[in-house]
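Okay, model_33.csv is below, CSV, C-alpha atoms:
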chain,number,residue,atom,x,y,z
A,1,MET,CA,-108.8,-19.7,40.3
A,2,ARG,CA,-106.4,-22.7,40.1
A,3,ASN,CA,-102.7,-21.9,40.7
A,4,THR,CA,-101.0,-22.4,37.4
A,5,PHE,CA,-97.5,-21.2,38.3
A,6,PHE,CA,-95.8,-24.6,38.5
A,7,PRO,CA,-97.3,-25.9,35.2
A,8,ALA,CA,-96.1,-22.7,33.5
A,9,TYR,CA,-92.7,-23.0,35.2
A,10,GLY,CA,-92.5,-26.6,34.1
A,11,LEU,CA,-93.4,-25.8,30.5
A,12,TRP,CA,-90.8,-23.0,30.4
A,13,HIS,CA,-88.0,-25.2,31.5
A,14,CYS,CA,-89.2,-28.0,29.3
A,15,GLY,CA,-88.8,-25.6,26.4
A,16,GLU,CA,-85.3,-24.6,27.6
A,17,GLY,CA,-84.3,-28.2,28.1
A,18,PHE,CA,-85.5,-28.9,24.5
A,19,GLN,CA,-83.6,-25.9,23.1
A,20,THR,CA,-80.3,-26.8,24.9
A,21,VAL,CA,-80.2,-30.2,23.2
A,22,LEU,CA,-81.7,-28.9,20.0
A,23,LEU,CA,-78.9,-26.3,19.6
A,24,MET,CA,-76.2,-28.9,20.5
A,25,TRP,CA,-77.6,-31.3,17.9
A,26,TYR,CA,-78.1,-28.5,15.4
A,27,MET,CA,-74.5,-27.2,15.7
A,28,ALA,CA,-72.6,-30.4,16.2
A,29,PHE,CA,-74.5,-32.8,13.9
A,30,HIS,CA,-76.8,-30.8,11.5
A,31,ALA,CA,-74.3,-28.0,10.7
A,32,ARG,CA,-71.1,-29.9,11.7
A,33,LEU,CA,-69.5,-26.9,13.3
A,34,SER,CA,-66.0,-26.8,14.8
A,35,PRO,CA,-65.4,-26.7,18.6
A,36,ALA,CA,-64.5,-23.0,18.3
A,37,GLU,CA,-67.6,-22.3,16.3
A,38,ILE,CA,-69.8,-24.2,18.8
A,39,GLY,CA,-68.3,-22.2,21.7
A,40,PHE,CA,-68.8,-18.9,19.7
A,41,TYR,CA,-72.5,-19.5,19.0
A,42,GLN,CA,-73.2,-20.8,22.5
A,43,SER,CA,-71.6,-17.7,23.9
A,44,LEU,CA,-73.7,-15.5,21.6
A,45,GLN,CA,-76.8,-16.8,23.2
A,46,LEU,CA,-75.4,-16.2,26.6
A,47,ILE,CA,-74.0,-12.7,26.0
A,48,PRO,CA,-77.5,-11.1,26.7
A,49,PHE,CA,-77.4,-12.7,30.1
A,50,LEU,CA,-74.2,-10.8,30.8
A,51,LEU,CA,-75.6,-7.5,29.6
A,52,PHE,CA,-79.4,-7.5,30.1
A,53,THR,CA,-80.4,-9.9,32.9
A,54,ALA,CA,-80.1,-7.3,35.7
A,55,LEU,CA,-81.9,-4.8,33.5
A,56,GLY,CA,-84.6,-7.4,32.9
A,57,GLY,CA,-85.0,-7.9,36.6
A,58,SER,CA,-85.3,-4.1,37.2
A,59,VAL,CA,-88.0,-3.9,34.4
A,60,THR,CA,-89.8,-6.8,36.0
A,61,ASP,CA,-89.9,-5.0,39.4
A,62,ARG,CA,-91.5,-2.0,37.6
A,63,VAL,CA,-94.0,-3.6,35.3
A,64,GLY,CA,-94.9,-6.8,37.1
A,65,ALA,CA,-93.6,-10.3,36.7
A,66,ARG,CA,-96.7,-11.7,34.8
A,67,THR,CA,-96.5,-9.0,32.1
A,68,SER,CA,-92.7,-9.2,31.8
A,69,PHE,CA,-92.6,-13.0,31.5
A,70,ALA,CA,-95.6,-13.3,29.2
A,71,ALA,CA,-94.4,-10.7,26.8
A,72,SER,CA,-90.8,-11.9,26.6
A,73,THR,CA,-91.7,-15.6,26.4
A,74,GLY,CA,-94.3,-15.0,23.7
A,75,LEU,CA,-91.7,-13.3,21.6
A,76,PHE,CA,-89.3,-16.1,22.3
A,77,ALA,CA,-91.8,-18.6,21.0
A,78,LEU,CA,-92.3,-16.5,17.8
A,79,SER,CA,-88.5,-16.3,17.2
A,80,LEU,CA,-88.2,-20.1,17.5
A,81,GLY,CA,-90.9,-20.7,15.0
A,82,LEU,CA,-89.7,-18.2,12.5
A,83,TYR,CA,-86.1,-19.5,12.7
A,84,GLY,CA,-87.3,-23.0,12.1
A,85,LEU,CA,-89.1,-21.9,9.0
A,86,THR,CA,-85.9,-20.5,7.5
A,87,ASP,CA,-84.0,-23.8,7.6
A,88,PRO,CA,-85.6,-25.4,4.5
A,89,ALA,CA,-84.9,-22.3,2.5
A,90,PHE,CA,-81.4,-21.4,3.7
A,91,GLY,CA,-80.0,-24.3,5.6
A,92,PHE,CA,-77.4,-23.2,8.2
A,93,ASN,CA,-76.7,-19.5,7.7
A,94,GLY,CA,-74.1,-18.1,10.1
A,95,PRO,CA,-75.3,-14.5,10.3
A,96,LEU,CA,-78.9,-15.6,10.6
A,97,PHE,CA,-78.1,-18.1,13.3
A,98,ALA,CA,-76.0,-15.5,15.1
A,99,ALA,CA,-79.0,-13.1,15.1
A,100,TYR,CA,-81.3,-15.8,16.4
A,101,CYS,CA,-78.9,-16.7,19.2
A,102,LEU,CA,-78.7,-13.0,20.3
A,103,LEU,CA,-82.4,-12.4,20.1
A,104,SER,CA,-83.4,-15.6,22.0
A,105,GLY,CA,-80.7,-15.0,24.6
A,106,PHE,CA,-82.1,-11.5,25.2
A,107,LEU,CA,-85.7,-12.7,25.6
A,108,SER,CA,-84.6,-15.5,27.9
A,109,ALA,CA,-82.6,-13.0,29.9
A,110,ILE,CA,-85.8,-11.0,30.5
A,111,ALA,CA,-88.0,-14.1,31.2
A,112,ASN,CA,-85.7,-16.0,33.6
A,113,PRO,CA,-85.7,-13.5,36.5
A,114,ALA,CA,-89.4,-12.7,36.0
A,115,ILE,CA,-90.6,-16.3,36.5
A,116,ASP,CA,-88.3,-16.9,39.5
A,117,THR,CA,-89.9,-14.0,41.4
A,118,PHE,CA,-92.9,-16.3,42.0
A,119,ILE,CA,-90.9,-19.0,43.8
A,120,PRO,CA,-90.9,-17.6,47.4
A,121,GLU,CA,-94.7,-17.5,47.6
A,122,ALA,CA,-95.4,-20.4,45.3
A,123,THR,CA,-96.7,-22.4,48.2
A,124,PRO,CA,-97.3,-21.6,51.9
A,125,ALA,CA,-94.1,-23.4,52.8
A,126,PRO,CA,-90.8,-21.5,53.6
A,127,ALA,CA,-88.9,-20.1,50.7
A,128,THR,CA,-86.1,-22.5,51.1
A,129,LYS,CA,-88.4,-25.5,50.6
A,130,ASN,CA,-90.2,-23.8,47.7
A,131,ALA,CA,-86.8,-23.4,46.1
A,132,LEU,CA,-86.2,-27.2,46.4
A,133,LEU,CA,-89.7,-27.9,45.1
A,134,ALA,CA,-89.1,-25.5,42.2
A,135,ALA,CA,-85.8,-27.3,41.5
A,136,THR,CA,-87.6,-30.7,41.3
A,137,VAL,CA,-90.2,-29.2,38.8
A,138,HIS,CA,-87.3,-27.6,36.9
A,139,ASN,CA,-85.5,-31.0,36.7
A,140,VAL,CA,-88.6,-33.0,35.6
A,141,ALA,CA,-89.3,-30.4,33.0
A,142,LYS,CA,-85.7,-30.4,31.7
A,143,LEU,CA,-85.8,-34.2,31.5
A,144,SER,CA,-89.1,-34.0,29.5
A,145,GLY,CA,-87.6,-31.5,27.2
A,146,ASN,CA,-84.4,-33.5,26.7
A,147,ALA,CA,-86.4,-36.7,26.1
A,148,ALA,CA,-88.5,-35.0,23.5
A,149,THR,CA,-85.4,-34.2,21.5
A,150,LEU,CA,-85.0,-37.9,20.8
A,151,ALA,CA,-87.5,-37.2,18.0
A,152,LEU,CA,-85.2,-34.7,16.3
A,153,PRO,CA,-84.1,-37.1,13.6
A,154,VAL,CA,-87.8,-37.3,12.6
A,155,LEU,CA,-88.7,-33.7,13.3
A,156,SER,CA,-85.7,-32.2,11.5
A,157,ALA,CA,-84.3,-28.8,12.3
A,158,MET,CA,-87.5,-27.0,11.2
A,159,GLY,CA,-89.8,-29.2,13.2
A,160,GLY,CA,-87.5,-29.0,16.3
A,161,PHE,CA,-87.6,-25.2,16.4
A,162,ILE,CA,-91.3,-25.0,15.8
A,163,ALA,CA,-92.1,-27.6,18.5
A,164,ASN,CA,-89.8,-25.7,20.9
A,165,GLY,CA,-91.8,-22.5,20.1
A,166,LEU,CA,-95.1,-24.2,21.0
A,167,LEU,CA,-93.7,-25.2,24.4
A,168,MET,CA,-92.8,-21.6,25.1
A,169,ALA,CA,-96.1,-20.2,23.9
A,170,ALA,CA,-98.0,-22.6,26.2
A,171,SER,CA,-95.9,-21.5,29.2
A,172,ALA,CA,-96.7,-17.8,28.5
A,173,LEU,CA,-100.5,-18.5,28.2
A,174,LEU,CA,-100.6,-20.5,31.4
A,175,LEU,CA,-98.8,-17.9,33.4
A,176,LEU,CA,-101.3,-15.3,32.2
A,177,ARG,CA,-104.0,-17.4,34.0
A,178,HIS,CA,-102.0,-17.4,37.2
A,179,PRO,CA,-103.7,-15.2,39.9
A,180,ARG,CA,-102.2,-11.8,40.3
A,181,ALA,CA,-100.2,-11.3,43.4
A,182,PRO,CA,-100.7,-8.2,45.4
A,183,ARG,CA,-98.3,-5.5,44.5
A,184,PRO,CA,-95.8,-4.6,47.3
A,185,VAL,CA,-96.8,-1.5,49.3
A,186,SER,CA,-95.0,1.6,47.9
A,187,GLN,CA,-92.0,2.6,49.8
A,188,PRO,CA,-90.1,5.9,49.9
A,189,SER,CA,-87.5,6.1,47.2
A,190,GLY,CA,-84.6,6.2,49.6
A,191,ALA,CA,-81.2,5.4,48.1
A,192,ALA,CA,-80.8,4.6,44.4
A,193,ALA,CA,-80.8,1.0,43.4
A,194,PRO,CA,-77.0,0.6,43.4
A,195,GLY,CA,-76.8,2.0,46.9
A,196,ARG,CA,-79.6,-0.3,48.1
A,197,LEU,CA,-78.0,-3.3,46.6
A,198,ALA,CA,-74.6,-2.5,48.2
A,199,ALA,CA,-76.3,-2.1,51.5
A,200,HIS,CA,-78.2,-5.4,51.0
A,201,PHE,CA,-75.1,-7.4,50.4
A,202,ARG,CA,-73.3,-5.7,53.4
A,203,ALA,CA,-76.2,-6.7,55.6
A,204,HIS,CA,-76.4,-10.2,54.1
A,205,PRO,CA,-72.9,-11.4,53.5
A,206,ARG,CA,-74.2,-14.9,53.0
A,207,SER,CA,-76.2,-13.7,50.0
A,208,PHE,CA,-73.0,-12.2,48.6
A,209,ASP,CA,-71.2,-15.5,48.8
A,210,ILE,CA,-74.1,-17.3,47.1
A,211,LEU,CA,-73.7,-14.7,44.3
A,212,LEU,CA,-70.0,-15.6,44.2
A,213,SER,CA,-70.8,-19.3,43.9
A,214,SER,CA,-73.1,-18.5,40.9
A,215,ALA,CA,-70.2,-16.7,39.3
A,216,VAL,CA,-67.9,-19.7,39.8
A,217,LEU,CA,-70.6,-22.0,38.3
A,218,GLY,CA,-71.0,-19.6,35.4
A,219,LEU,CA,-67.3,-19.4,34.6
A,220,PHE,CA,-66.5,-23.1,34.9
A,221,MET,CA,-69.3,-25.6,35.5
A,222,ILE,CA,-71.9,-24.4,32.9
A,223,PRO,CA,-69.4,-24.1,30.1
A,224,ALA,CA,-68.3,-27.6,30.8
A,225,PHE,CA,-71.7,-29.0,30.1
A,226,TYR,CA,-72.2,-26.7,27.0
A,227,VAL,CA,-68.9,-27.4,25.3
A,228,PHE,CA,-67.7,-30.8,26.6
A,229,GLN,CA,-70.9,-32.7,26.3
A,230,PRO,CA,-71.5,-32.5,22.5
A,231,LEU,CA,-67.8,-32.8,21.8
A,232,MET,CA,-67.3,-35.8,24.0
A,233,LEU,CA,-70.1,-37.6,22.2
A,234,ARG,CA,-68.8,-36.6,18.7
A,235,THR,CA,-65.2,-37.5,19.6
A,236,TRP,CA,-65.5,-40.7,21.7
A,237,TYR,CA,-68.8,-42.1,20.6
A,238,PRO,CA,-69.6,-40.9,17.1
A,239,GLN,CA,-71.7,-43.9,16.3
A,240,GLN,CA,-74.1,-42.8,19.1
A,241,GLU,CA,-74.7,-39.2,17.8
A,242,GLY,CA,-78.4,-39.9,17.3
A,243,LEU,CA,-78.7,-40.4,21.1
A,244,ILE,CA,-77.6,-36.9,22.1
A,245,GLY,CA,-81.1,-36.5,23.6
A,246,LEU,CA,-80.6,-39.6,25.8
A,247,VAL,CA,-77.3,-38.0,27.0
A,248,GLY,CA,-79.4,-35.1,28.4
A,249,VAL,CA,-82.1,-37.4,29.7
A,250,VAL,CA,-79.8,-39.4,32.0
A,251,GLY,CA,-78.4,-36.2,33.5
A,252,TRP,CA,-81.9,-34.9,34.4
A,253,ILE,CA,-82.9,-38.3,35.9
A,254,GLY,CA,-80.0,-37.8,38.3
A,255,ALA,CA,-81.0,-34.2,39.0
A,256,ILE,CA,-84.6,-35.2,39.7
A,257,ALA,CA,-83.5,-38.0,42.1
A,258,ALA,CA,-81.2,-35.6,43.9
A,259,SER,CA,-83.6,-32.6,44.3
A,260,ALA,CA,-86.6,-34.8,45.1
A,261,THR,CA,-84.6,-36.6,47.9
A,262,ALA,CA,-83.4,-33.2,49.2
A,263,THR,CA,-86.9,-31.8,49.3
A,264,ARG,CA,-88.2,-34.8,51.3
A,265,LEU,CA,-85.2,-34.6,53.7
A,266,SER,CA,-85.0,-30.8,53.8
A,267,HIS,CA,-85.8,-30.8,57.5
A,268,ARG,CA,-82.7,-32.9,58.2
A,269,ILE,CA,-80.2,-30.8,56.1
A,270,ARG,CA,-78.5,-28.7,58.8
A,271,ARG,CA,-75.6,-27.2,56.6
A,272,PRO,CA,-77.0,-26.7,53.1
A,273,GLY,CA,-74.1,-24.4,52.1
A,274,ALA,CA,-71.5,-27.0,53.0
A,275,LEU,CA,-73.4,-29.7,51.2
A,276,ALA,CA,-73.7,-27.5,48.1
A,277,LEU,CA,-69.9,-27.0,48.1
A,278,ALA,CA,-69.4,-30.7,48.5
A,279,VAL,CA,-71.8,-31.5,45.6
A,280,TRP,CA,-70.0,-29.1,43.3
A,281,ALA,CA,-66.5,-30.4,44.2
A,282,ALA,CA,-67.7,-34.0,43.6
A,283,MET,CA,-69.1,-33.1,40.2
A,284,ALA,CA,-65.9,-31.4,39.2
A,285,LEU,CA,-63.9,-34.5,40.1
A,286,LEU,CA,-66.3,-36.7,38.2
A,287,PHE,CA,-66.0,-34.5,35.1
A,288,ALA,CA,-62.2,-35.0,35.2
A,289,ALA,CA,-62.8,-38.8,35.4
A,290,LEU,CA,-64.9,-38.9,32.2
A,291,PRO,CA,-62.0,-39.8,29.9
A,292,LEU,CA,-61.5,-42.9,32.0
A,293,MET,CA,-65.0,-44.3,31.3
A,294,PRO,CA,-64.7,-47.8,29.8
A,295,GLY,CA,-67.6,-47.5,27.4
A,296,PHE,CA,-70.8,-45.7,26.4
A,297,ALA,CA,-72.9,-47.3,29.2
A,298,ALA,CA,-70.4,-46.2,31.9
A,299,TYR,CA,-70.3,-42.7,30.3
A,300,LEU,CA,-74.1,-42.4,30.5
A,301,LEU,CA,-74.0,-43.6,34.1
A,302,ALA,CA,-71.5,-40.9,34.9
A,303,LEU,CA,-73.6,-38.2,33.2
A,304,GLY,CA,-76.5,-39.4,35.3
A,305,VAL,CA,-74.5,-38.7,38.5
A,306,LEU,CA,-73.3,-35.4,37.1
A,307,GLY,CA,-77.0,-34.3,36.9
A,308,MET,CA,-76.8,-33.9,40.7
A,309,ASN,CA,-74.8,-30.7,40.1
A,310,GLY,CA,-78.0,-28.6,40.1
A,311,LEU,CA,-78.8,-29.7,43.7
A,312,GLY,CA,-76.0,-27.4,44.9
A,313,LYS,CA,-77.7,-24.2,43.6
A,314,ALA,CA,-81.1,-25.3,44.9
A,315,LEU,CA,-79.7,-25.8,48.4
A,316,VAL,CA,-78.6,-22.2,48.7
A,317,TYR,CA,-81.0,-20.3,46.3
A,318,GLY,CA,-83.9,-20.3,48.8
A,319,ALA,CA,-81.8,-18.3,51.3
A,320,TYR,CA,-80.8,-15.8,48.6
A,321,LEU,CA,-84.5,-15.4,47.7
A,322,ARG,CA,-85.6,-15.1,51.3
A,323,GLU,CA,-83.1,-12.4,52.1
A,324,ALA,CA,-84.0,-10.4,48.9
A,325,PRO,CA,-86.5,-7.5,49.7
A,326,ALA,CA,-89.7,-7.6,47.6
A,327,ARG,CA,-88.9,-4.2,46.2
A,328,ASP,CA,-85.7,-5.4,44.5
A,329,ARG,CA,-86.3,-9.2,44.3
A,330,ALA,CA,-86.3,-9.4,40.5
A,331,LEU,CA,-83.3,-7.2,40.2
A,332,LEU,CA,-81.4,-9.3,42.7
A,333,ILE,CA,-82.5,-12.5,40.8
A,334,GLY,CA,-81.3,-10.8,37.6
A,335,ILE,CA,-77.9,-10.1,39.2
A,336,ASP,CA,-77.5,-13.7,40.3
A,337,GLN,CA,-78.5,-14.9,36.9
A,338,THR,CA,-76.0,-12.5,35.3
A,339,ALA,CA,-73.3,-14.1,37.5
A,340,ILE,CA,-74.2,-17.6,36.5
A,341,TRP,CA,-75.4,-17.3,32.9
A,342,GLY,CA,-73.7,-14.0,31.9
A,343,LEU,CA,-70.3,-15.2,33.0
A,344,ALA,CA,-71.0,-18.5,31.2
A,345,THR,CA,-70.8,-16.4,28.1
A,346,LEU,CA,-67.1,-15.8,28.7
A,347,GLY,CA,-66.5,-19.3,30.0
A,348,THR,CA,-68.1,-21.0,27.1
A,349,MET,CA,-66.2,-19.0,24.5
A,350,GLY,CA,-62.9,-19.4,26.3
A,351,LEU,CA,-63.5,-23.1,26.8
A,352,GLY,CA,-64.2,-23.6,23.1
A,353,LEU,CA,-61.0,-21.9,22.2
A,354,LEU,CA,-59.1,-23.9,24.8
A,355,VAL,CA,-60.3,-27.2,23.4
A,356,GLU,CA,-59.3,-26.1,19.9
A,357,ALA,CA,-55.8,-25.1,21.1
A,358,ALA,CA,-55.0,-27.8,23.7
A,359,GLY,CA,-57.3,-30.7,23.0
A,360,LEU,CA,-60.4,-32.1,24.8
A,361,VAL,CA,-58.8,-33.9,27.7
A,362,THR,CA,-56.3,-31.1,28.6
A,363,ALA,CA,-59.0,-28.5,28.5
A,364,LEU,CA,-61.2,-30.8,30.7
A,365,LEU,CA,-58.5,-31.1,33.4
A,366,ALA,CA,-57.6,-27.4,33.3
A,367,ASN,CA,-61.3,-26.4,33.8
A,368,THR,CA,-61.7,-28.9,36.6
A,369,GLY,CA,-58.6,-27.5,38.4
A,370,ALA,CA,-59.8,-23.9,38.2
A,371,LEU,CA,-63.3,-24.9,39.5
A,372,LEU,CA,-61.9,-26.8,42.5
A,373,LEU,CA,-59.6,-23.8,43.3
A,374,CYS,CA,-62.5,-21.4,43.4
A,375,LEU,CA,-64.6,-23.7,45.5
A,376,SER,CA,-61.8,-24.0,48.0
A,377,VAL,CA,-61.7,-20.2,48.3
A,378,LEU,CA,-65.4,-20.1,49.0
A,379,ALA,CA,-65.1,-22.8,51.6
A,380,LEU,CA,-62.3,-21.0,53.3
A,381,ARG,CA,-64.4,-17.8,53.5
A,382,GLY,CA,-66.7,-19.7,55.8
A,383,ARG,CA,-70.0,-18.0,54.9
A,384,LEU,CA,-71.4,-21.0,53.0
A,385,THR,CA,-69.9,-23.7,55.2
A,386,GLY,CA,-71.4,-22.0,58.2
A,387,MET,CA,-74.8,-21.5,56.6
A,388,GLY,CA,-77.6,-23.1,58.7
A,389,SER,CA,-81.0,-24.4,57.5
A,390,ALA,CA,-83.1,-21.7,59.2
Rewrite the structure of this file - the entire thing - as structure tokens.
Amino acid sequence: MRNTFFPAYGLWHCGEGFQTVLLMWYMAFHARLSPAEIGFYQSLQLIPFLLFTALGGSVTDRVGARTSFAASTGLFALSLGLYGLTDPAFGFNGPLFAAYCLLSGFLSAIANPAIDTFIPEATPAPATKNALLAATVHNVAKLSGNAATLALPVLSAMGGFIANGLLMAASALLLLRHPRAPRPVSQPSGAAAPGRLAAHFRAHPRSFDILLSSAVLGLFMIPAFYVFQPLMLRTWYPQQEGLIGLVGVVGWIGAIAASATATRLSHRIRRPGALALAVWAAMALLFAALPLMPGFAAYLLALGVLGMNGLGKALVYGAYLREAPARDRALLIGIDQTAIWGLATLGTMGLGLLVEAAGLVTALLANTGALLLCLSVLALRGRLTGMGSA
């Protein structure tokens, strides 16, 4: 049977890329929400990542990744379609949209760790290279999803949500056709999961610092994209609001170029952890420079370079997956995704409030400073900077 993992993986992230821009467009331009409201609803969708992603990983380890992913993604597709059908009847309805954000966030929190468990054995190549390959597929899919949102003015809110649901449904159906992997050999129960996890991070301190880097990205980098990107467009380039999909497209073009280049040159990357820290620091500084862009074309070029941000995670994620025992792999993935996406809940809400209180530029500079400080601490700890490619 043909391996259908990467097509399913691509469709899933295409759907997520579509939804990211869809929700930005829906809140900033369709519903005309305030910065604090945008931060609030974005955080509602991320709250389940804080509360349920590790649980979702544990459930996946028990029931199997195919079952967990197909069920959660199928329900995600259904929720997208049903919410889209409510728009002509109710328009924007705060409580209804809040319920949708919570439900879709919960289902995504289950599906995300499930699909990532396939990456280490996706090809016969080492897990570190498979992670870079998965990052390239991820970036191409996100680009496709972002590009598709250029049709939102024609699709309208209803059509956008329904189209997004079809992408998710196709991903679930494809993964159900993926060959079943052999279940891990049963092991003695041994220590409880919390004890096993503590022992794992003690034995693999590098994995712990990769987890810390995810927490830093979740608190400061991810919220910057969620909150600043739509507000910058609305504040500085309001005449270009119909091009919000293009804003996402240029970022994913940069991401694809970076991850594809890193995949081809993976055998030459001797210090992936140090390179990851350097990438994140450079992206933080570029974010701080966005107010200095002389026009919309320069702003788009800067966003294209900012797309390289995702390369940092791809450079270190393979080592995290490789060190995770099969027994607890989905749980460890869930913990990592809780750190990055769960903490993004707090960061997104806080950043929305900070923009409301202090203004866009002040909040941008404060967020950049906090991010650079945390990256400096990680560099001084030495576990990522000393990380080799083996």
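Around Gly91 (chain A), within 12 Å and counting only C-alpha atoms, the residues found are Tyr26, Met27, His30, Ala31, Tyr83, Gly84, Leu85, Thr86, Asp87, Pro88, Ala89, Asn93, Gly94, Pro95, Leu96, Phe97, Ser156, Ala157 and Met158 of chain A, once anything fewer than 2 positions away on its own chain is removed.
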**OP:** May I have the residues within 10 Å of Leu378 (chain A) as a ChimeraX atom specification, using all atoms listed in the file and disregarding those fewer than 6 positions away in the same chain?
**Re:** /A:209-210,212-213,216,277,372,384-385
Restricting it to C-alpha atoms, dump the selection as a PDB file, in the frame of the given file.
ATOM      1  CA  ASP A 209     -71.200 -15.500  48.800  1.00  0.00           C
ATOM      2  CA  ILE A 210     -74.100 -17.300  47.100  1.00  0.00           C
ATOM      3  CA  LEU A 212     -70.000 -15.600  44.200  1.00  0.00           C
ATOM      4  CA  SER A 213     -70.800 -19.300  43.900  1.00  0.00           C
ATOM      5  CA  VAL A 216     -67.900 -19.700  39.800  1.00  0.00           C
ATOM      6  CA  LEU A 277     -69.900 -27.000  48.100  1.00  0.00           C
ATOM      7  CA  LEU A 372     -61.900 -26.800  42.500  1.00  0.00           C
ATOM      8  CA  LEU A 384     -71.400 -21.000  53.000  1.00  0.00           C
ATOM      9  CA  THR A 385     -69.900 -23.700  55.200  1.00  0.00           C
TER      10      THR A 385
END
*asked:* Using all atoms listed in the file, list the residues that have an atom at most 9 Å from (-86.6, -16.4, 18.5), coordinates as in the file, as JSON, numbers by chain.
replied: {"A": [75, 76, 77, 78, 79, 80, 81, 82, 83, 99, 100, 101, 102, 103, 104, 105, 107, 165]}
Next item on the list: Extract, using only C-alpha atoms, all DNA, RNA and protein residues at most 8 Å from Leu331 (chain A), discarding same-chain residues fewer than 4 positions from it, and format them as a count of residues only.
Entry: 9
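In terms of minimum interatomic distance to Phe287 (chain A), A:Ala224 ranks closest within A:Val59, A:Ala114, A:Ala224, A:Ala131, counting all atoms listed in the file.
The space between CA of Gln240 (chain A) and CA of Leu11 (chain A) spans 28.1 Å.
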### Message
Can you pull out the residues contacting region 271-275 of chain A? Cut-off 8 Å, using all atoms listed in the file, and skip same-chain residues under 5 positions away; I want them as number ranges by chain.
### Response
A: 312, 315-316, 379, 384-389
Write a file of the just-selected residues containing C-alpha atoms, as a compact mmCIF listing (two decimals), in the frame of the given file.
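Contents of selection02.txt, as written:
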# COMPACT_ATOMS: atom_id res chain seq x y z
CA GLY A 312 -76.00 -27.40 44.90
CA LEU A 315 -79.70 -25.80 48.40
CA VAL A 316 -78.60 -22.20 48.70
CA ALA A 379 -65.10 -22.80 51.60
CA LEU A 384 -71.40 -21.00 53.00
CA THR A 385 -69.90 -23.70 55.20
CA GLY A 386 -71.40 -22.00 58.20
CA MET A 387 -74.80 -21.50 56.60
CA GLY A 388 -77.60 -23.10 58.70
CA SER A 389 -81.00 -24.40 57.50
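In this model, the gap between CA of Gly334 (chain A) and CA of Leu303 (chain A) comes to 28.8 Å.
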Give me the residues near region 251-255 of chain A as a count of residues only, where near means some atom within 12 Å (using only C-alpha atoms) and where sequence neighbours in that chain fewer than 4 positions away do not count. 45
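Minimum distance to Val249 (chain A) across A:Phe228, A:Phe220, A:Phe18, A:Tyr320 (counting all atoms listed in the file) occurs at A:Phe18.
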Note to self: What does the structure give for the distance between CA of Leu175 (chain A) and CA of Ala8 (chain A), in Å to one decimal?
What the structure shows: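 That distance, rounded to one decimal, is 5.5 Å.
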Residue with the minimum atom-to-atom distance to Leu22 (chain A), picked from A:Ala170, A:Leu243, A:Ile47, A:Ala215 with all atoms listed in the file counted, is A:Leu243
Nearest to Ala282 (chain A) among A:Thr368, A:Thr348, A:Thr235, A:Thr67, with distances taken over only C-alpha atoms: which residue is it?
->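 Ranking A:Thr368, A:Thr348, A:Thr235, A:Thr67 by distance to Ala282 (chain A), first place goes to A:Thr368.
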